[in-house]
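Each remark here refers to the structure printed beneath this line.
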Amino acid sequence: MGATGYPVAGRDGLAVLDADEIRRALTRIAHEILERTHGGDEVVLLGIPTRGVPLARRLAARIGEFEGLEVPCGSLDVTMHRDDLRLRPARALGRTDLPPSGVDGKTVVLVDDVLYSGRTVRAALDALTDLGRPRAVQLAVLVDRGHRELPIRADYVGKNLPTSQREVVHVLLAEVDAQDAVMISDEGQPS
Amino acid sequence: MKRHLISAADLSRGDALLILDTAEELASLADRPIKKLPTLRGRTVVNLFFEDSTRTRISFEAAAKRLSADVINFSAKGSSVAKGESLKDTALTLEAMGADAVVIRHSASGAAHRLAGWVRGSVVNAGDGTHEHPTQALLDAFTIRRKLRAASGRGAGLDGIRVTIVGDVLHSRVARSNVLLLSTLGAEVTLAAPPTLLPLAVDTWPCAVSYDLDTALPKSDVVMMLRVQQERMTDAYFPSVREYSRRYGLDTARMARLPDHAIVLHPGPMNRGVEIAAEVADSARSMIVEQVANGVTTRMAVLYLLLGGTEFPEVAS
């Protein structure tokens with residue numbers, strides 16, 4: 001970690017996406033969502049805390065720019081639905097914040113930073129079931145790093161990143177980490 | 001967090017804030033169509049109640065069920081305890097049934113602490129004699145924070161909030177737990193009670209003491225009325241209920257002396273007309289109904305944090 005507490009490119013790993021590339025990837029995903037949902041009607045974006053939430057907000061802002069459409073945006077905490085709770089001490093909960101319009105009958109796009117084992121998404125699908133009955137659920141991720149352990153795939157991918165399971169992928173976002181970058185590092189290195 | 005919740009003193013400021021923040025996230029569950037989470041599926045919570053209680057037992061039961069735990073209710077009446085079984089033997093029976101957590105209410109101070117030495121699961125003190133009732137203090141702190149610190153959100157303490165606790169401090173486990181927890185969270189606590197109803201070593205508690213309620217009220221953001229516990233009153237602590245009520249009861253005239261934003265708490269059950277007038281209990285300042293709802297939420301947070309993660313490592317004995 002650098003003095004700021006955040007990973008620094010070069011020392012703490014290799015930057016695989018910089019701020020401009022993240023911006024372009026999100027712009028493309030926003031267009032794809034509009035295409036696939038025939039104009040973004042009845043779409044609700046739900047970010048998975050922590051970094052899925054600012055990503056969902058950015059996508060909503062872009063869709064607003066392109067189509068003048070206000071897409072409801074919220075967050076969905078999956079902690080209580082995880083299958084690995086018993087493997088670690090009880091952890092703090094994130095925020096679940098549904099838009100007032102709810103999710104019933106909508107097309108919900110789940111947004112997360114990294115898709116890896118697929119277990120977080122599995123938990124998110126369960127959490128969503130308790131909140132209502134969407135018409136369809138889709139998944140948007142900034143990075144898909146492979147190594148799935150469940151039959152889950154993303155509908156929208158910012159970048160496919162082949163990794164080894166030893167490696168660690170960090171997504172940094174300005175809202176949380178004061179900068180935009182995606183970094184990859186070996187587990188053995190300080191991170 | 002420690003493995004058991006016996007005393008409010010077991011909680012560091014960080015622990016207490018983690019519980020309050022967790023409760024804050026769980027509070028939205030009450031507004032959802034499905035008020036249930038799968039988190040404690042397959043785990044067993046035993047409610048072990050040796051003393052009468054309505055709200056605390058139901059509150060713990062609702063909390064455990066909303067987290068999908070299996071709940072076994074045990075009350076001393078109609079059980080082997082009535083036949084003379086000791087607390088230890090009852091505890092070993094529960095242990096054999098595989099309880100992951102035991103919520104205990106007992107008339108003897110220290111019962112929860114003793115129990116913690118006999119069972120493998122987590123012990124949650126739901127009131128032991130005149131000693132402590134930590135989850136009541138947590139739900140009171142949560143109620144105060146939601147009402148008076150709503151804007152600060154997660155991680156906020158109760159710094160600078162002035163809380164006056166009124167009445168039978170001597171017999172009150174609620175008062176003791178609240179003094180400890182609220183001072184940990186940064187609140188300034190004042191006890192207002194007749195000298196006969198204050199415990200001996202009250203000068204060592206992290207709070208101020210006053211015998212005069214009327215001077216304390218204008219400087220209070222929160223007034224917490226304690227129940228006059230007639231079942232524990234074996235001596236003459238005050239001349240008459242009427243006189244107690246005149247000097248330490250919260251009526252409308254006294255309520256008018258409070259600052260505009262101030263709120264009134266009562267742990268229940270209330271003696272209307274003794275420590276609190278009916279008009280005050282039903283007024284907009286009264287948080288008594290909120291306290292009950294917040295009780296479920298706060299106890300969910302406690303059960304989740306004690307049982308939701310890895311099992312605590314075995315204590316070397």
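Within each chain, counting starts at residue 1; across the structure tokens, chains are named A, B, ... in the order shown, with ligands numbered 1 upward in that order.
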
Practice item. Do a neighbour search on A:Pro54 at 12 Å with only C-alpha atoms, toss out local chain neighbours closer than 2 positions, and write the hits as a PyMOL selection string. Key: chain A and resi 26+45-52+56-61+73-75+111-113+142+171-177+180

Practice item. Pull out every residue of chain A that has at least one atom within 8 Å of chain B, counting only C-alpha atoms, and report them as a PyMOL selection string. Key: chain A and resi 80-81+85-96+130-132

Produce a file of the selected residues containing N, CA and C atoms, as a PDB file, in the first residue's frame.
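Final file, result_37.pdb:
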ATOM      1  N   MET A  80     -26.063 -11.011   4.355  1.00  0.00           N
ATOM      2  CA  MET A  80     -26.859 -11.974   5.121  1.00  0.00           C
ATOM      3  C   MET A  80     -27.210 -13.214   4.302  1.00  0.00           C
ATOM      4  N   HIS A  81     -26.971 -13.178   3.002  1.00  0.00           N
ATOM      5  CA  HIS A  81     -27.311 -14.309   2.144  1.00  0.00           C
ATOM      6  C   HIS A  81     -26.088 -15.077   1.663  1.00  0.00           C
ATOM      7  N   LEU A  85     -20.510 -17.245   5.280  1.00  0.00           N
ATOM      8  CA  LEU A  85     -20.559 -16.480   6.533  1.00  0.00           C
ATOM      9  C   LEU A  85     -19.832 -17.185   7.667  1.00  0.00           C
ATOM     10  N   ARG A  86     -19.980 -18.514   7.692  1.00  0.00           N
ATOM     11  CA  ARG A  86     -19.416 -19.249   8.822  1.00  0.00           C
ATOM     12  C   ARG A  86     -17.907 -19.415   8.722  1.00  0.00           C
ATOM     13  N   LEU A  87     -17.324 -18.968   7.609  1.00  0.00           N
ATOM     14  CA  LEU A  87     -15.882 -19.135   7.437  1.00  0.00           C
ATOM     15  C   LEU A  87     -15.092 -17.961   8.005  1.00  0.00           C
ATOM     16  N   ARG A  88     -15.791 -16.875   8.315  1.00  0.00           N
ATOM     17  CA  ARG A  88     -15.093 -15.692   8.821  1.00  0.00           C
ATOM     18  C   ARG A  88     -15.892 -15.117   9.982  1.00  0.00           C
ATOM     19  N   PRO A  89     -15.275 -14.276  10.828  1.00  0.00           N
ATOM     20  CA  PRO A  89     -16.058 -13.636  11.892  1.00  0.00           C
ATOM     21  C   PRO A  89     -17.200 -12.814  11.278  1.00  0.00           C
ATOM     22  N   ALA A  90     -18.260 -12.627  12.028  1.00  0.00           N
ATOM     23  CA  ALA A  90     -19.407 -11.870  11.528  1.00  0.00           C
ATOM     24  C   ALA A  90     -18.943 -10.509  11.028  1.00  0.00           C
ATOM     25  N   ARG A  91     -19.430 -10.140   9.833  1.00  0.00           N
ATOM     26  CA  ARG A  91     -18.934  -8.885   9.277  1.00  0.00           C
ATOM     27  C   ARG A  91     -20.026  -7.824   9.262  1.00  0.00           C
ATOM     28  N   ALA A  92     -19.592  -6.583   9.159  1.00  0.00           N
ATOM     29  CA  ALA A  92     -20.542  -5.466   9.146  1.00  0.00           C
ATOM     30  C   ALA A  92     -21.400  -5.546   7.883  1.00  0.00           C
ATOM     31  N   LEU A  93     -22.596  -5.047   7.969  1.00  0.00           N
ATOM     32  CA  LEU A  93     -23.517  -5.102   6.833  1.00  0.00           C
ATOM     33  C   LEU A  93     -23.354  -3.863   5.964  1.00  0.00           C
ATOM     34  N   GLY A  94     -23.607  -4.042   4.667  1.00  0.00           N
ATOM     35  CA  GLY A  94     -23.686  -2.894   3.776  1.00  0.00           C
ATOM     36  C   GLY A  94     -25.113  -2.402   3.739  1.00  0.00           C
ATOM     37  N   ARG A  95     -25.349  -1.432   2.882  1.00  0.00           N
ATOM     38  CA  ARG A  95     -26.665  -0.809   2.853  1.00  0.00           C
ATOM     39  C   ARG A  95     -27.528  -1.395   1.744  1.00  0.00           C
ATOM     40  N   THR A  96     -28.784  -1.678   2.058  1.00  0.00           N
ATOM     41  CA  THR A  96     -29.757  -2.017   1.033  1.00  0.00           C
ATOM     42  C   THR A  96     -30.710  -0.852   0.902  1.00  0.00           C
ATOM     43  N   ASP A 130     -36.252 -12.014  -1.963  1.00  0.00           N
ATOM     44  CA  ASP A 130     -36.980 -11.600  -0.761  1.00  0.00           C
ATOM     45  C   ASP A 130     -37.546 -10.186  -0.877  1.00  0.00           C
ATOM     46  N   LEU A 131     -37.068  -9.434  -1.851  1.00  0.00           N
ATOM     47  CA  LEU A 131     -37.494  -8.038  -1.962  1.00  0.00           C
ATOM     48  C   LEU A 131     -38.618  -7.848  -2.962  1.00  0.00           C
ATOM     49  N   GLY A 132     -38.855  -8.824  -3.810  1.00  0.00           N
ATOM     50  CA  GLY A 132     -39.897  -8.666  -4.807  1.00  0.00           C
ATOM     51  C   GLY A 132     -39.669  -9.622  -5.956  1.00  0.00           C
TER      52      GLY A 132
END

Check your understanding: Within 9 Å of A:Ala124, counting only C-alpha atoms, which residues qualify if same-chain residues fewer than 2 places away don't, as number ranges by chain?
Key -> A: 48, 76-79, 81-82, 110, 119-122, 126-129

Check your understanding: Just how far from atom CA of B:Met225 is atom CA of B:His266, in Å to one decimal?
Key ->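 Separation between atom CA of B:His266 and atom CA of B:Met225: 5.1 Å.
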
**Study point:** Which of stretch 71-308 of chain B DSSP labels strand (DSSP E), written as number ranges by chain
**Key:** B: 71-75, 101-106, 122-128, 162-166, 188-192, 208-210, 222-225, 263-265

Using C-alpha atoms, can you export the residues from the last selection as a compact mmCIF listing (two decimals), in the first residue's frame?
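Saved the output as part_31.txt:
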# COMPACT_ATOMS: atom_id res chain seq x y z
CA VAL B 71 -36.03 -21.15 18.82
CA ILE B 72 -36.66 -23.21 21.93
CA ASN B 73 -38.58 -21.39 24.65
CA PHE B 74 -38.04 -22.51 28.17
CA SER B 75 -39.78 -20.92 31.10
CA ALA B 101 -26.93 -19.42 21.98
CA VAL B 102 -28.72 -19.20 25.31
CA VAL B 103 -30.68 -16.10 26.17
CA ILE B 104 -31.13 -16.06 29.92
CA ARG B 105 -33.38 -14.09 32.27
CA HIS B 106 -32.90 -14.92 35.93
CA SER B 122 -22.90 -17.82 23.39
CA VAL B 123 -24.76 -16.52 26.42
CA VAL B 124 -26.86 -13.38 26.11
CA ASN B 125 -27.95 -11.78 29.36
CA ALA B 126 -31.61 -10.78 29.13
CA GLY B 127 -31.67 -9.47 32.69
CA ASP B 128 -30.05 -10.98 35.79
CA ARG B 162 -27.57 14.52 28.01
CA VAL B 163 -29.52 11.59 29.41
CA THR B 164 -31.32 11.69 32.75
CA ILE B 165 -32.27 8.33 34.26
CA VAL B 166 -35.00 8.73 36.86
CA GLU B 188 -23.52 12.53 29.66
CA VAL B 189 -25.66 10.55 32.07
CA THR B 190 -27.32 11.94 35.21
CA LEU B 191 -29.19 9.78 37.70
CA ALA B 192 -32.12 11.47 39.45
CA ALA B 208 -23.59 12.43 37.77
CA VAL B 209 -26.15 12.09 40.56
CA SER B 210 -28.97 14.43 41.55
CA VAL B 222 -33.44 12.26 26.93
CA VAL B 223 -35.40 11.32 30.05
CA MET B 224 -35.48 7.64 30.88
CA MET B 225 -38.13 6.73 33.46
CA ILE B 263 -37.63 12.49 24.18
CA VAL B 264 -39.00 10.22 26.91
CA LEU B 265 -38.03 6.55 27.25

Study note, to complete from the structure: Closest of A:Glu32, A:Asp186, A:Asp41, A:Asp144 to A:Gly68, counting only C-alpha atoms, is A:Asp41

Point to revise | For atom CA of A:Arg36 and atom CA of A:Ile22, the interatomic separation in Å (one decimal) | key: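 We find that atom CA of A:Arg36 and atom CA of A:Ile22 lie 20.7 Å from each other.
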
**Study point:** Selection: 7 Å around B:Leu115, only C-alpha atoms, excl. self and same-chain fewer than 4 positions, as a ChimeraX atom specification
**Key:** /B:91,111,119

Check your understanding: What gap, in Å, lies between atom CA of A:Val43 and atom CA of A:Tyr156?
Key -> 14.3 Å

Exercise for review: Run DSSP on the backbone and give me the residues of stretch 40-122 of chain A it puts in helix (DSSP H, G or I), as a ChimeraX atom specification.
Suggested key: /A:52-67,79-81,85-87,119-122
